[in-house]
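Single-structure report; data block below.
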Amino acid sequence: MPKPSLALSSVGPDVVRETPVREVHLPLDGRLPQAACGDKVLKGQRIAESLAPFSSGEGDLHAPFSGEILAVSSEHVAILAGGSGETVPPAALSTSSGEALAAALKRLGVASAALRPAQTLVVGGLEPEPGVGVAAKLLGARRETLEAGLELAVRVIGPEKRRLVLPHGSKAGLPGCEPVFAAPVYPNGLGPMAIRAATGLENPADAVFLAVHELFALGRVAESGLPLAETAISAGEELFCVPLGTPAGELVKAAGLKAADGDRVVLGGPMRGRALYGLAQGVGPGDYALTVIPRGSFPRMTDSPCLNCGECVMVCPARILPGMISRCAEFKLFERTVEYHIDACMDCGLCGFVCVGRRPVLQYIRLAKKELADQRNAACETSEEEASSCSGKR
Amino acid sequence: MQREALKPLTGRTVFTVSSPPHWHCGATIPGMMLDILLALCPAVVMAAAVFGMDAVRVMALSCATAVVVEAACCKAMKRPVSVDDYSALVTGLLFAFLLPAEAPWWLVMAGSAISIALGKMVFGGLGGHPFCPPLVGWAVCRISWKSSMDIDMSLLNADLFYPLTQLKHLGLEAISRFSYADLLLGKQLGGLGAAQTGALLLGGIYLLLRRRIRPDIPLAFLAGTFLLSLAYALSDPSFYAPPLFHLMTGSVVLGAFFLATDCSSSPMGHVPMILFGLLGGALTVIIRVYGDYPDGVPFAIMLANLATPLLDRIRPRPFGGAGRGGRAHA
Ligand code: SF4
Ligand code: SF4
């Protein structure tokens, strides 16, 4: 396969297709299940509670339609459609704002680190990854929903300035948002890059980023008053709006794709997505693409040592040394990655994309980030314990 | 190359699961090494044409030794044998390029083995070596067996001359016998491949077009050689050779495109790479003017290699100024 293009472009007409499904597999991703096998649930009823902090961007999980719980495992909750189509009573969102609204939204399944007070709201209208067509199609076909979502977001964030980052030549727009044009090339659609394009600043504290597909999720909740039940997801050349938990296989079929032995079925884009192990796995909130990569398309990953060739250094938008960080992580020298500014990494995956040694560079970087986070958490906990034991003595 | 996945008896489809990114630009180590070998081919042909079977013998022996020694080192280090990435072949061929066509068999084998074992494998193999490996072999041989490494040894067998010793010992008039066209076509003595200036230039351009190397180091190296020799030539044109003469003799072109660009021993990032190239180019001229060695390139590159860790410290501020908000670079 020739070198794939990193251009961000949406192909095909701006339409959003719905695909009905009768059985969904909601991925728990660490959430705590709140339902048992055989339970009857209403549309919008809470199925699992998020234990993650608000900044993680993870919300609770709800039944996308009424039906019966088929199975509960450590990984997913399966629901079979059935019953009357009754829903839980809609939430009243029109009166609240600020933090109260953000907390209510987390309970409704739409959480995001961006839902906090800030001076500037940057809406990402570039496609998040190459080979993904979600932003342009939503801007073209679902403008009312996006406007509803924007209105909700603005009530939480209270921004003085609103910017919409668009590819050069785009005619799209959103109310109150000043358009900013950027080259449609990966990684310009990612949050830190879009914020820089819109404000001229790198990681300013008072700016937040919401991609168009996140706005869409907010919009669906605003329109219905019900918990988040669907996600906009691009597959092949089409954009679908599917119930949460829709099995990947249904999407593969609907998009006319083929997934055979040895292929990769990826939830997300080709640069950052998560490879699935089976077609029964369902899509979760925030999943914006399904990508199938035929076997043998690219050289196999190896455990080759780093050549020190510097290709990753040249492409890294964070201007750090991904090769060096991956070497540190390889030898478990996680603290040392901090000196190499691992915190600046925006998780774009370009380092792994260009690596001549075909090293899993991004995986090493993610490993180091995870280890560092675990260490920091452990340190917090022990210091808290010490503090409480001290106060106990007194 | 894909390994067959084990099929479960249930007949379920088995997908490949791996970490992102799932796309790749397609560049691999064997691919890169094969391209370098391809880029060296014109020089191989020219060397065979100018120096005959002698040159072929040296190149073949050096390549074979390099591959065998690397395989033996891998075995001794209890590591998977990595010769299938062709990097040993490249090292062997580049080392041969630095030798006179008359080099005795023991010298070729010893130097090639040293390039691999001391130049590369003791540092853990590809990616770890602080010096360009063929230069390590060259330096050891040059210091240990000075007379056998002497390019002028070939004088007896060929009706060509080594421009750099002519310049060093006989002065500026002696080099008037070389026309630039002759130098380009390799009608000069020198390392058997290094002397094929035109063919190497062709190969270098091929590597640039294929984006196997970045232009920073080769162009800066050539610029460094050119500018400093120009400065000397301007200061006393009756004593110092013109800059183009310096560019087309010895191993300047080989060094610029194939030796200085060695991944592991050269720095990363545009500014460090350009400084590295300029340093290597300038040192070449300084060694040629003041040094004992007629061709300054190998030692100049090794000295520049020493500066690599230092140059690598020149880094731009990371995105967002290491966690703090900051002004974007325009
Ligand atoms: S993923 Fe790699 S290329 Fe991207 S910002 Fe992080 S280190 Fe740099
Ligand atoms: S691209 Fe790969 S081999 Fe090259 S320096 Fe980066 S991590 Fe190392």
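Here, A, B, ... name the chains of the structure tokens in the order displayed, residue numbers run from 1 inside each chain, and ligands are numbered from 1 in the same displayed order.
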
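Restricting the atom set to only C-alpha atoms and all ligand atoms, one finds that the residues within 8 Å of ligand 2 amount to Pro305, Cys306, Leu307, Asn308, Cys309, Gly310, Glu311, Cys312, Val313, Leu321, Pro322, Gly323, Met324, Ser326, Arg327, Cys351, Gly352, Val354, Cys355, Val356, Gly357, Arg358, Arg359 and Val361 of chain A; Gly127 of chain B.
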
Can I get the selected residues back with N, CA and C atoms, as a short mmCIF file (atom, residue, chain, number, x, y, z; two decimals), in the first residue's frame?
```cif
data_model
loop_
_atom_site.label_atom_id
_atom_site.label_comp_id
_atom_site.auth_asym_id
_atom_site.auth_seq_id
_atom_site.Cartn_x
_atom_site.Cartn_y
_atom_site.Cartn_z
N PRO A 305 15.15 -2.04 17.97
CA PRO A 305 15.59 -0.90 18.77
C PRO A 305 15.46 0.40 17.97
N CYS A 306 15.43 1.51 18.68
CA CYS A 306 15.31 2.81 18.01
C CYS A 306 16.60 3.10 17.26
N LEU A 307 16.44 3.51 16.00
CA LEU A 307 17.60 3.81 15.16
C LEU A 307 18.17 5.18 15.44
N ASN A 308 17.43 5.97 16.21
CA ASN A 308 17.86 7.34 16.44
C ASN A 308 17.82 8.15 15.14
N CYS A 309 16.91 7.78 14.24
CA CYS A 309 16.92 8.41 12.93
C CYS A 309 16.29 9.80 12.98
N GLY A 310 15.47 10.06 13.98
CA GLY A 310 14.94 11.41 14.14
C GLY A 310 13.72 11.71 13.30
N GLU A 311 13.20 10.72 12.57
CA GLU A 311 11.99 10.99 11.77
C GLU A 311 10.83 11.41 12.68
N CYS A 312 10.71 10.72 13.82
CA CYS A 312 9.61 11.04 14.73
C CYS A 312 9.79 12.45 15.29
N VAL A 313 11.03 12.83 15.52
CA VAL A 313 11.31 14.17 16.05
C VAL A 313 10.86 15.23 15.05
N LEU A 321 10.91 14.58 21.88
CA LEU A 321 11.71 13.49 21.29
C LEU A 321 10.99 12.16 21.51
N PRO A 322 10.04 11.81 20.65
CA PRO A 322 9.27 10.59 20.88
C PRO A 322 10.16 9.35 20.92
N GLY A 323 11.18 9.31 20.08
CA GLY A 323 12.06 8.13 20.06
C GLY A 323 12.74 7.95 21.40
N MET A 324 13.25 9.05 21.95
CA MET A 324 13.95 8.98 23.23
C MET A 324 12.98 8.58 24.34
N SER A 326 10.30 6.83 23.99
CA SER A 326 9.93 5.42 23.83
C SER A 326 11.06 4.53 24.34
N ARG A 327 12.31 4.98 24.16
CA ARG A 327 13.43 4.19 24.69
C ARG A 327 13.38 4.14 26.21
N CYS A 351 4.37 9.84 15.47
CA CYS A 351 5.68 9.24 15.69
C CYS A 351 5.66 7.77 15.26
N GLY A 352 4.61 7.06 15.63
CA GLY A 352 4.52 5.66 15.23
C GLY A 352 4.27 5.51 13.73
N VAL A 354 5.51 7.33 11.31
CA VAL A 354 6.73 7.49 10.49
C VAL A 354 7.87 6.58 10.91
N CYS A 355 7.74 5.90 12.05
CA CYS A 355 8.92 5.19 12.59
C CYS A 355 9.46 4.15 11.61
N VAL A 356 10.71 4.34 11.22
CA VAL A 356 11.37 3.44 10.28
C VAL A 356 11.61 2.08 10.93
N GLY A 357 11.85 2.08 12.22
CA GLY A 357 12.06 0.83 12.94
C GLY A 357 10.75 0.09 13.16
N ARG A 358 9.64 0.72 12.79
CA ARG A 358 8.30 0.16 13.00
C ARG A 358 8.11 -0.20 14.47
N ARG A 359 8.58 0.70 15.32
CA ARG A 359 8.41 0.51 16.75
C ARG A 359 7.03 0.98 17.19
N VAL A 361 5.83 3.20 18.98
CA VAL A 361 6.27 4.39 19.73
C VAL A 361 5.14 4.95 20.59
N GLY B 127 21.58 1.59 15.65
CA GLY B 127 20.91 2.61 16.44
C GLY B 127 21.67 3.04 17.66
#
```

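Among all protein and nucleic acid residues, the ones that lie within 8 Å of ligand 1 when counting only C-alpha atoms and all ligand atoms are Cys312, Val313, Val315, Cys316, Pro317, Ala318, Arg319, Ile320, Leu321, Pro322, Ile325, Ile342, Ala344, Cys345, Met346, Asp347, Cys348, Gly349, Leu350, Cys351, Gly352, Val361, Leu362 and Ile365 of chain A.
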
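Residue nearest chain A within the list B:Met273, B:Cys263, B:Leu201, B:Ala300: B:Cys263 [criterion: smallest interatomic distance, only C-alpha atoms].
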
Which residues come within 7 Å of Ala232 in chain A, counting only C-alpha atoms, excluding same-chain residues fewer than 2 positions away, as a list of chain:residue names? A:His213, A:Glu230, A:Ser234, A:Leu239, A:Phe240, A:Cys241, A:Val242, A:Tyr288

Tell me which protein, DNA and RNA residues are within 9 Å of Leu215 in chain A, counting only C-alpha atoms, leaving out same-chain ones fewer than 3 positions away, and put them as a ChimeraX atom specification. /A:123,145-150,152-153,210-212,218-220
